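Q: Provided below: work00.pdb, containing PDB, C-alpha atoms.
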```pdb
ATOM      1  CA  MET A   1     -29.015  -4.994  -3.022
ATOM      2  CA  ILE A   2     -26.785  -2.036  -2.223
ATOM      3  CA  ASP A   3     -25.692  -3.839   0.918
ATOM      4  CA  ILE A   4     -24.664  -6.908  -1.056
ATOM      5  CA  ILE A   5     -22.667  -4.826  -3.531
ATOM      6  CA  SER A   6     -20.991  -2.945  -0.716
ATOM      7  CA  ALA A   7     -20.160  -6.129   1.198
ATOM      8  CA  PHE A   8     -18.777  -7.752  -1.957
ATOM      9  CA  LEU A   9     -16.527  -4.767  -2.705
ATOM     10  CA  MET A  10     -15.380  -4.665   0.911
ATOM     11  CA  ILE A  11     -14.450  -8.341   1.064
ATOM     12  CA  ALA A  12     -12.787  -8.217  -2.370
ATOM     13  CA  GLY A  13     -10.669  -5.254  -1.311
ATOM     14  CA  CYS A  14      -9.704  -6.881   1.969
ATOM     15  CA  LEU A  15      -8.694 -10.091   0.195
ATOM     16  CA  ALA A  16      -6.569  -8.021  -2.207
ATOM     17  CA  MET A  17      -4.844  -6.338   0.731
ATOM     18  CA  LEU A  18      -4.295  -9.740   2.371
ATOM     19  CA  THR A  19      -2.747 -10.896  -0.907
ATOM     20  CA  SER A  20      -0.376  -7.956  -0.904
ATOM     21  CA  ALA A  21       0.612  -8.696   2.718
ATOM     22  CA  ILE A  22       1.286 -12.336   1.836
ATOM     23  CA  GLY A  23       3.307 -11.131  -1.151
ATOM     24  CA  ILE A  24       5.392  -8.812   0.984
ATOM     25  CA  VAL A  25       6.277 -11.729   3.254
ATOM     26  CA  ARG A  26       6.773 -14.471   0.681
ATOM     27  CA  MET A  27       8.464 -12.727  -2.262
ATOM     28  CA  PRO A  28      12.205 -13.415  -2.557
ATOM     29  CA  ASP A  29      13.473  -9.944  -3.367
ATOM     30  CA  LEU A  30      13.014  -6.288  -2.496
ATOM     31  CA  PHE A  31      11.865  -5.330  -5.989
ATOM     32  CA  THR A  32       9.263  -8.079  -6.250
ATOM     33  CA  ARG A  33       8.046  -7.252  -2.753
ATOM     34  CA  MET A  34       7.641  -3.641  -3.794
ATOM     35  CA  HIS A  35       5.666  -4.832  -6.794
ATOM     36  CA  ALA A  36       3.232  -6.701  -4.537
ATOM     37  CA  ALA A  37       2.914  -3.899  -2.010
ATOM     38  CA  SER A  38       2.241  -1.010  -4.379
ATOM     39  CA  LYS A  39      -0.048  -2.481  -7.031
ATOM     40  CA  VAL A  40      -2.237  -4.883  -5.121
ATOM     41  CA  GLY A  41      -2.458  -2.542  -2.114
ATOM     42  CA  THR A  42      -3.745   0.227  -4.367
ATOM     43  CA  VAL A  43      -6.427  -2.017  -5.869
ATOM     44  CA  GLY A  44      -7.464  -3.226  -2.419
ATOM     45  CA  VAL A  45      -7.832   0.191  -0.867
ATOM     46  CA  SER A  46      -9.705   1.430  -3.966
ATOM     47  CA  CYS A  47     -12.231  -1.408  -3.608
ATOM     48  CA  VAL A  48     -12.709  -0.692   0.093
ATOM     49  CA  VAL A  49     -13.350   3.015  -0.367
ATOM     50  CA  LEU A  50     -15.720   2.245  -3.267
ATOM     51  CA  ALA A  51     -17.583   0.034  -0.805
ATOM     52  CA  ALA A  52     -17.846   3.050   1.506
ATOM     53  CA  ALA A  53     -19.175   5.155  -1.397
ATOM     54  CA  THR A  54     -21.871   2.632  -2.261
ATOM     55  CA  HIS A  55     -22.790   2.227   1.393
ATOM     56  CA  PHE A  56     -23.217   5.920   2.249
ATOM     57  CA  ALA A  57     -24.295   7.193  -1.214
ATOM     58  CA  GLU A  58     -24.017  10.882  -0.359
ATOM     59  CA  LEU A  59     -22.123  13.584  -2.181
ATOM     60  CA  THR A  60     -20.117  14.450   0.928
ATOM     61  CA  VAL A  61     -18.786  10.890   0.995
ATOM     62  CA  VAL A  62     -18.420  10.152  -2.707
ATOM     63  CA  ALA A  63     -16.233  13.220  -3.304
ATOM     64  CA  PRO A  64     -13.577  12.245  -0.693
ATOM     65  CA  VAL A  65     -13.739   8.657  -1.937
ATOM     66  CA  LEU A  66     -12.933   9.704  -5.501
ATOM     67  CA  LEU A  67     -10.216  11.973  -4.128
ATOM     68  CA  THR A  68      -8.720   9.051  -2.203
ATOM     69  CA  ILE A  69      -8.736   6.762  -5.263
ATOM     70  CA  VAL A  70      -7.123   9.396  -7.488
ATOM     71  CA  PHE A  71      -4.585  10.153  -4.787
ATOM     72  CA  PHE A  72      -3.626   6.503  -4.351
ATOM     73  CA  PHE A  73      -3.358   5.892  -8.075
ATOM     74  CA  ALA A  74      -1.152   8.976  -8.392
ATOM     75  CA  THR A  75       1.135   8.490  -5.407
ATOM     76  CA  ALA A  76       1.690   4.741  -5.058
ATOM     77  CA  PRO A  77       3.789   4.444  -8.261
ATOM     78  CA  VAL A  78       5.766   7.546  -7.292
ATOM     79  CA  ALA A  79       6.585   6.183  -3.844
ATOM     80  CA  ALA A  80       7.444   2.739  -5.238
ATOM     81  CA  HIS A  81       9.695   4.294  -7.850
ATOM     82  CA  MET A  82      11.511   6.385  -5.239
ATOM     83  CA  VAL A  83      12.094   3.368  -2.996
ATOM     84  CA  GLY A  84      13.189   1.221  -5.935
ATOM     85  CA  ARG A  85      15.637   3.823  -7.195
ATOM     86  CA  ALA A  86      17.084   4.217  -3.709
ATOM     87  CA  ALA A  87      17.419   0.442  -3.417
ATOM     88  CA  TYR A  88      19.100   0.106  -6.826
ATOM     89  CA  GLY A  89      21.438   2.993  -6.101
ATOM     90  CA  THR A  90      22.517   1.687  -2.719
ATOM     91  CA  GLY A  91      23.194  -1.790  -4.082
ATOM     92  CA  VAL A  92      20.439  -3.963  -2.659
ATOM     93  CA  ARG A  93      21.003  -7.487  -3.970
ATOM     94  CA  MET A  94      18.603  -8.842  -6.541
ATOM     95  CA  TRP A  95      17.140 -12.319  -6.537
ATOM     96  CA  GLU A  96      19.234 -14.988  -8.265
ATOM     97  CA  GLY A  97      16.389 -15.734 -10.684
ATOM     98  CA  THR A  98      16.182 -12.159 -11.970
ATOM     99  CA  VAL A  99      15.977 -12.328 -15.753
ATOM    100  CA  ILE A 100      16.671  -8.792 -16.913
ATOM    101  CA  ASP A 101      18.516  -5.741 -15.578
ATOM    102  CA  GLU A 102      18.060  -3.151 -18.292
ATOM    103  CA  TRP A 103      20.305  -0.496 -16.768
ATOM    104  CA  LYS A 104      23.305  -2.820 -16.618
ATOM    105  CA  GLN A 105      22.768  -4.254 -20.093
ATOM    106  CA  ARG A 106      23.263  -0.987 -21.951
ATOM    107  CA  PRO A 107      26.968  -0.194 -22.297
ATOM    108  CA  GLU A 108      26.443   3.577 -22.547
ATOM    109  CA  ASN A 109      24.923   3.737 -19.083
ATOM    110  CA  PRO A 110      27.356   4.502 -16.283
ATOM    111  CA  PRO A 111      27.216   2.381 -13.124
ATOM    112  CA  PHE A 112      24.377   3.655 -11.001
ATOM    113  CA  GLU A 113      25.635   5.978  -8.273
ATOM    114  CA  PRO A 114      23.687   8.012  -5.748
ATOM    115  CA  PRO A 115      23.781  11.781  -6.330
ATOM    116  CA  GLU A 116      26.433  13.929  -4.759
ATOM    117  CA  THR A 117      24.383  15.963  -2.323
TER     118      THR A 117
ATOM    119  CA  MET B   1     -27.387  -1.434   9.673
ATOM    120  CA  SER B   2     -28.164  -4.567   7.795
ATOM    121  CA  PRO B   3     -26.793  -7.931   8.948
ATOM    122  CA  VAL B   4     -24.960  -8.409   5.634
ATOM    123  CA  ILE B   5     -22.868  -5.303   6.220
ATOM    124  CA  GLU B   6     -22.320  -6.238   9.846
ATOM    125  CA  VAL B   7     -20.996  -9.734   9.083
ATOM    126  CA  ALA B   8     -18.930  -8.534   6.126
ATOM    127  CA  SER B   9     -17.309  -5.664   8.008
ATOM    128  CA  THR B  10     -16.409  -7.886  10.959
ATOM    129  CA  LEU B  11     -14.898 -10.458   8.593
ATOM    130  CA  CYS B  12     -12.962  -7.700   6.842
ATOM    131  CA  LEU B  13     -11.572  -6.441  10.141
ATOM    132  CA  TYR B  14     -10.257  -9.938  10.888
ATOM    133  CA  ILE B  15      -8.719 -10.233   7.416
ATOM    134  CA  LEU B  16      -7.032  -6.864   7.784
ATOM    135  CA  GLY B  17      -5.732  -7.877  11.207
ATOM    136  CA  VAL B  18      -4.027 -10.930   9.702
ATOM    137  CA  ALA B  19      -2.621  -8.753   6.897
ATOM    138  CA  MET B  20      -1.258  -6.269   9.451
ATOM    139  CA  CYS B  21       0.468  -9.082  11.365
ATOM    140  CA  LEU B  22       2.115 -10.308   8.136
ATOM    141  CA  THR B  23       3.240  -6.783   7.233
ATOM    142  CA  PHE B  24       4.615  -6.271  10.719
ATOM    143  CA  TYR B  25       6.633  -9.461  10.300
ATOM    144  CA  ARG B  26       8.343  -7.931   7.267
ATOM    145  CA  LEU B  27       8.819  -4.664   9.144
ATOM    146  CA  TRP B  28      10.505  -6.587  11.952
ATOM    147  CA  ARG B  29      12.633  -8.959   9.860
ATOM    148  CA  GLY B  30      13.320  -6.898   6.729
ATOM    149  CA  PRO B  31      16.983  -7.229   5.779
ATOM    150  CA  SER B  32      17.367  -3.778   4.262
ATOM    151  CA  PRO B  33      15.929  -0.378   5.271
ATOM    152  CA  GLN B  34      14.061  -0.287   1.967
ATOM    153  CA  ASP B  35      12.156  -3.418   2.969
ATOM    154  CA  ARG B  36      11.080  -1.686   6.146
ATOM    155  CA  THR B  37      10.070   1.391   4.134
ATOM    156  CA  ILE B  38       7.750  -0.543   1.836
ATOM    157  CA  ALA B  39       6.389  -2.449   4.828
ATOM    158  CA  LEU B  40       5.533   0.876   6.500
ATOM    159  CA  ASP B  41       3.926   2.094   3.281
ATOM    160  CA  LEU B  42       1.762  -1.024   3.035
ATOM    161  CA  PHE B  43       0.971  -0.731   6.743
ATOM    162  CA  SER B  44      -0.414   2.784   6.294
ATOM    163  CA  THR B  45      -2.431   1.549   3.292
ATOM    164  CA  LEU B  46      -3.900  -1.138   5.538
ATOM    165  CA  VAL B  47      -4.703   1.497   8.168
ATOM    166  CA  VAL B  48      -6.589   3.499   5.522
ATOM    167  CA  GLY B  49      -8.636   0.413   4.695
ATOM    168  CA  LEU B  50      -9.220  -0.266   8.379
ATOM    169  CA  LEU B  51     -10.496   3.271   8.983
ATOM    170  CA  THR B  52     -12.804   3.033   5.970
ATOM    171  CA  ILE B  53     -14.283  -0.246   7.196
ATOM    172  CA  HIS B  54     -14.704   1.258  10.643
ATOM    173  CA  ALA B  55     -16.552   4.168   9.027
ATOM    174  CA  ILE B  56     -18.903   1.704   7.305
ATOM    175  CA  GLN B  57     -19.386  -0.283  10.484
ATOM    176  CA  THR B  58     -20.282   2.676  12.691
ATOM    177  CA  ASP B  59     -22.071   4.778   9.998
ATOM    178  CA  GLU B  60     -19.768   7.715  10.715
ATOM    179  CA  HIS B  61     -18.284   9.125   7.539
ATOM    180  CA  VAL B  62     -15.919  11.404   9.469
ATOM    181  CA  TYR B  63     -13.337   8.607   9.524
ATOM    182  CA  LEU B  64     -12.899   8.896   5.752
ATOM    183  CA  THR B  65     -11.313  12.317   6.226
ATOM    184  CA  ALA B  66      -8.849  10.828   8.702
ATOM    185  CA  ALA B  67      -8.113   8.095   6.163
ATOM    186  CA  ILE B  68      -7.219  10.692   3.507
ATOM    187  CA  ALA B  69      -4.979  12.516   5.989
ATOM    188  CA  ILE B  70      -3.156   9.294   6.860
ATOM    189  CA  ALA B  71      -2.693   8.513   3.159
ATOM    190  CA  ILE B  72      -1.121  11.924   2.474
ATOM    191  CA  ILE B  73       1.162  11.763   5.509
ATOM    192  CA  SER B  74       2.316   8.243   4.666
ATOM    193  CA  PHE B  75       3.134   9.238   1.079
ATOM    194  CA  ILE B  76       5.238  12.179   2.264
ATOM    195  CA  GLY B  77       6.945   9.975   4.848
ATOM    196  CA  THR B  78       7.765   7.244   2.327
ATOM    197  CA  VAL B  79       9.228   9.733  -0.134
ATOM    198  CA  ALA B  80      11.270  11.381   2.633
ATOM    199  CA  ILE B  81      12.696   8.059   3.855
ATOM    200  CA  ALA B  82      13.496   6.994   0.275
ATOM    201  CA  LEU B  83      15.284  10.276  -0.441
ATOM    202  CA  TYR B  84      17.241   9.985   2.785
ATOM    203  CA  ILE B  85      18.358   6.434   1.994
ATOM    204  CA  HIS B  86      19.247   7.426  -1.552
ATOM    205  CA  ARG B  87      21.363  10.387  -0.518
ATOM    206  CA  ARG B  88      23.113   8.516   2.252
ATOM    207  CA  GLY B  89      24.495   6.293  -0.461
ATOM    208  CA  ARG B  90      26.242   2.986  -0.366
ATOM    209  CA  ARG B  91      27.249   1.664   2.999
TER     210      ARG B  91
END
```
Please express the file's structure as C-alpha cells.
A:
Amino acid sequence: MIDIISAFLMIAGCLAMLTSAIGIVRMPDLFTRMHAASKVGTVGVSCVVLAAATHFAELTVVAPVLLTIVFFFATAPVAAHMVGRAAYGTGVRMWEGTVIDEWKQRPENPPFEPPET
Amino acid sequence: MSPVIEVASTLCLYILGVAMCLTFYRLWRGPSPQDRTIALDLFSTLVVGLLTIHAIQTDEHVYLTAAIAIAIISFIGTVAIALYIHRRGRR
C-alpha cells in the first residue's frame, strides 16, 4: 500500500515537472514562461520528495523532506519575482495578447528604470 | 524493493529526461538572458527531482542531502544572475 502511494506521488510529481517543461517551451512570453516554471515546478518537486518521505518513512528522511518543501515554497516566488522585475526593468517585450500592465496604467508611477548602482 | 517502485521510478526517470531535453531547448534558444535564467532554475529543480528519484531507486537517502544543497545553490545563483541583469540595465 505504501509502495502504491509512493509510486503515485512520484509519477504525479514527474508529470507536473514535465508539464512545466512543456510550458517553458510552448508559452509565448517570458512572464508566462516564468509562471509555468516556478509554480508547477514547485508542486512537482514537492510531490516527488513527499514520495521519498512515504517510501523511507524515517525521521532522518522526513525532516530533510519537509525542509526541502518549505525551502522551495519560500524561494521559488522570490527567484521568480527577481527575474520578472529584472525582465520588466530591462524592457523585455510582452506578448501581444497581454491584457493588463498595472504599472503602466497608473499615471503616478514613473517609467520603470533599473536602479543607479 | 518492490516491483511497483521499480517500474514507477524507471518511468519517472524517463519522464524527467524528456523534461530536461525540453528545458535545455529553451536554454539553448531563449531570446533573452532572463529566459535562460528561468530555464536554468527549472533545470536545477528537475535535477533535485532526479536525485530524489535516484534515492528512492537505490534505497540510499544520502542523495536527499545533495538535493537540498543543489536547491540552495540554484536559488542563490538565480538571484545573483537576476540582480546582475537588473543592474546592468537596458541594452
Q: As a check of understanding, name the residues that the PyMOL selection byres ((chain A and resi 75-92) around 10) selects in the supplied structure, as a PDB file with C-alpha atoms, in the frame of the given file.
A:
```
ATOM      1  CA  ASP A  29      13.473  -9.944  -3.367  1.00  0.00           C
ATOM      2  CA  LEU A  30      13.014  -6.288  -2.496  1.00  0.00           C
ATOM      3  CA  PHE A  31      11.865  -5.330  -5.989  1.00  0.00           C
ATOM      4  CA  MET A  34       7.641  -3.641  -3.794  1.00  0.00           C
ATOM      5  CA  HIS A  35       5.666  -4.832  -6.794  1.00  0.00           C
ATOM      6  CA  ALA A  37       2.914  -3.899  -2.010  1.00  0.00           C
ATOM      7  CA  SER A  38       2.241  -1.010  -4.379  1.00  0.00           C
ATOM      8  CA  LYS A  39      -0.048  -2.481  -7.031  1.00  0.00           C
ATOM      9  CA  GLY A  41      -2.458  -2.542  -2.114  1.00  0.00           C
ATOM     10  CA  THR A  42      -3.745   0.227  -4.367  1.00  0.00           C
ATOM     11  CA  VAL A  70      -7.123   9.396  -7.488  1.00  0.00           C
ATOM     12  CA  PHE A  71      -4.585  10.153  -4.787  1.00  0.00           C
ATOM     13  CA  PHE A  72      -3.626   6.503  -4.351  1.00  0.00           C
ATOM     14  CA  PHE A  73      -3.358   5.892  -8.075  1.00  0.00           C
ATOM     15  CA  ALA A  74      -1.152   8.976  -8.392  1.00  0.00           C
ATOM     16  CA  ARG A  93      21.003  -7.487  -3.970  1.00  0.00           C
ATOM     17  CA  MET A  94      18.603  -8.842  -6.541  1.00  0.00           C
ATOM     18  CA  TRP A  95      17.140 -12.319  -6.537  1.00  0.00           C
ATOM     19  CA  PRO A 111      27.216   2.381 -13.124  1.00  0.00           C
ATOM     20  CA  PHE A 112      24.377   3.655 -11.001  1.00  0.00           C
ATOM     21  CA  GLU A 113      25.635   5.978  -8.273  1.00  0.00           C
ATOM     22  CA  PRO A 114      23.687   8.012  -5.748  1.00  0.00           C
ATOM     23  CA  PRO A 115      23.781  11.781  -6.330  1.00  0.00           C
TER      24      PRO A 115
ATOM     25  CA  PRO B  31      16.983  -7.229   5.779  1.00  0.00           C
ATOM     26  CA  SER B  32      17.367  -3.778   4.262  1.00  0.00           C
ATOM     27  CA  PRO B  33      15.929  -0.378   5.271  1.00  0.00           C
ATOM     28  CA  GLN B  34      14.061  -0.287   1.967  1.00  0.00           C
ATOM     29  CA  ASP B  35      12.156  -3.418   2.969  1.00  0.00           C
ATOM     30  CA  THR B  37      10.070   1.391   4.134  1.00  0.00           C
ATOM     31  CA  ILE B  38       7.750  -0.543   1.836  1.00  0.00           C
ATOM     32  CA  ASP B  41       3.926   2.094   3.281  1.00  0.00           C
ATOM     33  CA  LEU B  42       1.762  -1.024   3.035  1.00  0.00           C
ATOM     34  CA  THR B  45      -2.431   1.549   3.292  1.00  0.00           C
ATOM     35  CA  ALA B  71      -2.693   8.513   3.159  1.00  0.00           C
ATOM     36  CA  ILE B  72      -1.121  11.924   2.474  1.00  0.00           C
ATOM     37  CA  SER B  74       2.316   8.243   4.666  1.00  0.00           C
ATOM     38  CA  PHE B  75       3.134   9.238   1.079  1.00  0.00           C
ATOM     39  CA  ILE B  76       5.238  12.179   2.264  1.00  0.00           C
ATOM     40  CA  GLY B  77       6.945   9.975   4.848  1.00  0.00           C
ATOM     41  CA  THR B  78       7.765   7.244   2.327  1.00  0.00           C
ATOM     42  CA  VAL B  79       9.228   9.733  -0.134  1.00  0.00           C
ATOM     43  CA  ALA B  80      11.270  11.381   2.633  1.00  0.00           C
ATOM     44  CA  ILE B  81      12.696   8.059   3.855  1.00  0.00           C
ATOM     45  CA  ALA B  82      13.496   6.994   0.275  1.00  0.00           C
ATOM     46  CA  LEU B  83      15.284  10.276  -0.441  1.00  0.00           C
ATOM     47  CA  TYR B  84      17.241   9.985   2.785  1.00  0.00           C
ATOM     48  CA  ILE B  85      18.358   6.434   1.994  1.00  0.00           C
ATOM     49  CA  HIS B  86      19.247   7.426  -1.552  1.00  0.00           C
ATOM     50  CA  ARG B  87      21.363  10.387  -0.518  1.00  0.00           C
ATOM     51  CA  ARG B  88      23.113   8.516   2.252  1.00  0.00           C
ATOM     52  CA  GLY B  89      24.495   6.293  -0.461  1.00  0.00           C
ATOM     53  CA  ARG B  90      26.242   2.986  -0.366  1.00  0.00           C
ATOM     54  CA  ARG B  91      27.249   1.664   2.999  1.00  0.00           C
TER      55      ARG B  91
END
```
Q: Could you list the residues chosen by the PyMOL selection byres ((chain B and resi 1-15) around 9) in this structure as a list in words?
A: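 Against this file, the PyMOL selection byres ((chain B and resi 1-15) around 9) returns the residues Asp3, Ile4, Ser6, Ala7, Phe8, Met10, Ile11, Gly13, Cys14, Leu15, Met17, Leu18 and His55 of chain A; Leu16, Gly17, Val18, Ala19, Met20, Leu50, Ile53, His54, Ile56, Gln57, Thr58 and Asp59 of chain B.
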Q: Work out how far atom CA of A:Ala53 is from atom CA of A:Ile69, in Å to one decimal.
A: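 Atom CA of A:Ile69 sits 11.2 Å away from atom CA of A:Ala53.
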Q: Between atom CA of B:Thr23 and atom CA of A:Ile100, what is the spacing in Å?
A: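 Atom CA of A:Ile100 sits 27.7 Å away from atom CA of B:Thr23.
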Q: Could you state the separation of atom CA of B:Arg26 and atom CA of A:Thr68 in Å, given to one decimal place?
A: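 These atoms are spaced 25.9 Å apart.
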Q: Which is closest to B:Val62 among A:Trp103, A:Phe56, A:Thr98, A:Glu108, if we use all atoms listed in the file?
A: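 For B:Val62, the nearest of the given residues is A:Phe56.
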Q: Residues picked by the PyMOL selection byres ((chain B and resi 63-66) around 8) here, as a ChimeraX atom specification?
A: /A:61,64-65 /B:51-52,54-55,60-62,67-70
Q: Using all atoms listed in the file, can you tell me which of B:Leu27, B:Leu40, B:Gly49, B:Ile73 comes closest to chain A?
A: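 Ranking B:Leu27, B:Leu40, B:Gly49, B:Ile73 by distance to chain A, first place goes to B:Gly49.
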Q: With N, CA and C atoms as the goal, would you fill in the gaps in stretch 36-58 of chain A and present it as a PDB file, in the frame of the given file?
A:
```
ATOM      1  N   ALA A  36       4.437  -6.231  -5.220  1.00  0.00           N
ATOM      2  CA  ALA A  36       3.232  -6.701  -4.537  1.00  0.00           C
ATOM      3  C   ALA A  36       2.616  -5.599  -3.701  1.00  0.00           C
ATOM      4  N   ALA A  37       3.457  -4.870  -2.961  1.00  0.00           N
ATOM      5  CA  ALA A  37       2.914  -3.899  -2.010  1.00  0.00           C
ATOM      6  C   ALA A  37       2.224  -2.745  -2.711  1.00  0.00           C
ATOM      7  N   SER A  38       2.825  -2.220  -3.797  1.00  0.00           N
ATOM      8  CA  SER A  38       2.241  -1.010  -4.379  1.00  0.00           C
ATOM      9  C   SER A  38       0.992  -1.322  -5.201  1.00  0.00           C
ATOM     10  N   LYS A  39       1.071  -2.298  -6.098  1.00  0.00           N
ATOM     11  CA  LYS A  39      -0.048  -2.481  -7.031  1.00  0.00           C
ATOM     12  C   LYS A  39      -1.272  -3.075  -6.352  1.00  0.00           C
ATOM     13  N   VAL A  40      -1.072  -4.202  -5.685  1.00  0.00           N
ATOM     14  CA  VAL A  40      -2.237  -4.883  -5.121  1.00  0.00           C
ATOM     15  C   VAL A  40      -2.818  -4.079  -3.953  1.00  0.00           C
ATOM     16  N   GLY A  41      -1.947  -3.387  -3.194  1.00  0.00           N
ATOM     17  CA  GLY A  41      -2.458  -2.542  -2.114  1.00  0.00           C
ATOM     18  C   GLY A  41      -3.331  -1.420  -2.640  1.00  0.00           C
ATOM     19  N   THR A  42      -2.938  -0.843  -3.777  1.00  0.00           N
ATOM     20  CA  THR A  42      -3.745   0.227  -4.367  1.00  0.00           C
ATOM     21  C   THR A  42      -5.117  -0.290  -4.788  1.00  0.00           C
ATOM     22  N   VAL A  43      -5.141  -1.451  -5.438  1.00  0.00           N
ATOM     23  CA  VAL A  43      -6.427  -2.017  -5.869  1.00  0.00           C
ATOM     24  C   VAL A  43      -7.308  -2.329  -4.654  1.00  0.00           C
ATOM     25  N   GLY A  44      -6.692  -2.873  -3.602  1.00  0.00           N
ATOM     26  CA  GLY A  44      -7.464  -3.226  -2.419  1.00  0.00           C
ATOM     27  C   GLY A  44      -8.088  -2.019  -1.740  1.00  0.00           C
ATOM     28  N   VAL A  45      -7.289  -0.976  -1.559  1.00  0.00           N
ATOM     29  CA  VAL A  45      -7.832   0.191  -0.867  1.00  0.00           C
ATOM     30  C   VAL A  45      -8.863   0.899  -1.754  1.00  0.00           C
ATOM     31  N   SER A  46      -8.698   0.838  -3.084  1.00  0.00           N
ATOM     32  CA  SER A  46      -9.705   1.430  -3.966  1.00  0.00           C
ATOM     33  C   SER A  46     -11.033   0.695  -3.836  1.00  0.00           C
ATOM     34  N   CYS A  47     -10.988  -0.639  -3.775  1.00  0.00           N
ATOM     35  CA  CYS A  47     -12.231  -1.408  -3.608  1.00  0.00           C
ATOM     36  C   CYS A  47     -12.893  -1.091  -2.277  1.00  0.00           C
ATOM     37  N   VAL A  48     -12.106  -0.944  -1.219  1.00  0.00           N
ATOM     38  CA  VAL A  48     -12.709  -0.692   0.093  1.00  0.00           C
ATOM     39  C   VAL A  48     -13.365   0.683   0.145  1.00  0.00           C
ATOM     40  N   VAL A  49     -12.706   1.706  -0.410  1.00  0.00           N
ATOM     41  CA  VAL A  49     -13.350   3.015  -0.367  1.00  0.00           C
ATOM     42  C   VAL A  49     -14.536   3.094  -1.328  1.00  0.00           C
ATOM     43  N   LEU A  50     -14.517   2.312  -2.418  1.00  0.00           N
ATOM     44  CA  LEU A  50     -15.720   2.245  -3.267  1.00  0.00           C
ATOM     45  C   LEU A  50     -16.874   1.589  -2.514  1.00  0.00           C
ATOM     46  N   ALA A  51     -16.543   0.614  -1.653  1.00  0.00           N
ATOM     47  CA  ALA A  51     -17.583   0.034  -0.805  1.00  0.00           C
ATOM     48  C   ALA A  51     -18.181   1.086   0.128  1.00  0.00           C
ATOM     49  N   ALA A  52     -17.328   1.961   0.664  1.00  0.00           N
ATOM     50  CA  ALA A  52     -17.846   3.050   1.506  1.00  0.00           C
ATOM     51  C   ALA A  52     -18.741   3.980   0.701  1.00  0.00           C
ATOM     52  N   ALA A  53     -18.357   4.267  -0.560  1.00  0.00           N
ATOM     53  CA  ALA A  53     -19.175   5.155  -1.397  1.00  0.00           C
ATOM     54  C   ALA A  53     -20.532   4.551  -1.681  1.00  0.00           C
ATOM     55  N   THR A  54     -20.575   3.249  -1.996  1.00  0.00           N
ATOM     56  CA  THR A  54     -21.871   2.632  -2.261  1.00  0.00           C
ATOM     57  C   THR A  54     -22.692   2.472  -0.986  1.00  0.00           C
ATOM     58  N   HIS A  55     -22.031   2.373   0.159  1.00  0.00           N
ATOM     59  CA  HIS A  55     -22.790   2.227   1.393  1.00  0.00           C
ATOM     60  C   HIS A  55     -23.426   3.548   1.810  1.00  0.00           C
ATOM     61  N   PHE A  56     -22.662   4.652   1.774  1.00  0.00           N
ATOM     62  CA  PHE A  56     -23.217   5.920   2.249  1.00  0.00           C
ATOM     63  C   PHE A  56     -24.080   6.585   1.186  1.00  0.00           C
ATOM     64  N   ALA A  57     -23.559   6.621  -0.094  1.00  0.00           N
ATOM     65  CA  ALA A  57     -24.295   7.193  -1.214  1.00  0.00           C
ATOM     66  C   ALA A  57     -24.737   8.633  -0.971  1.00  0.00           C
ATOM     67  N   GLU A  58     -23.781   9.445  -0.482  1.00  0.00           N
ATOM     68  CA  GLU A  58     -24.017  10.882  -0.359  1.00  0.00           C
ATOM     69  C   GLU A  58     -22.894  11.593  -1.095  1.00  0.00           C
TER      70      GLU A  58
END
```
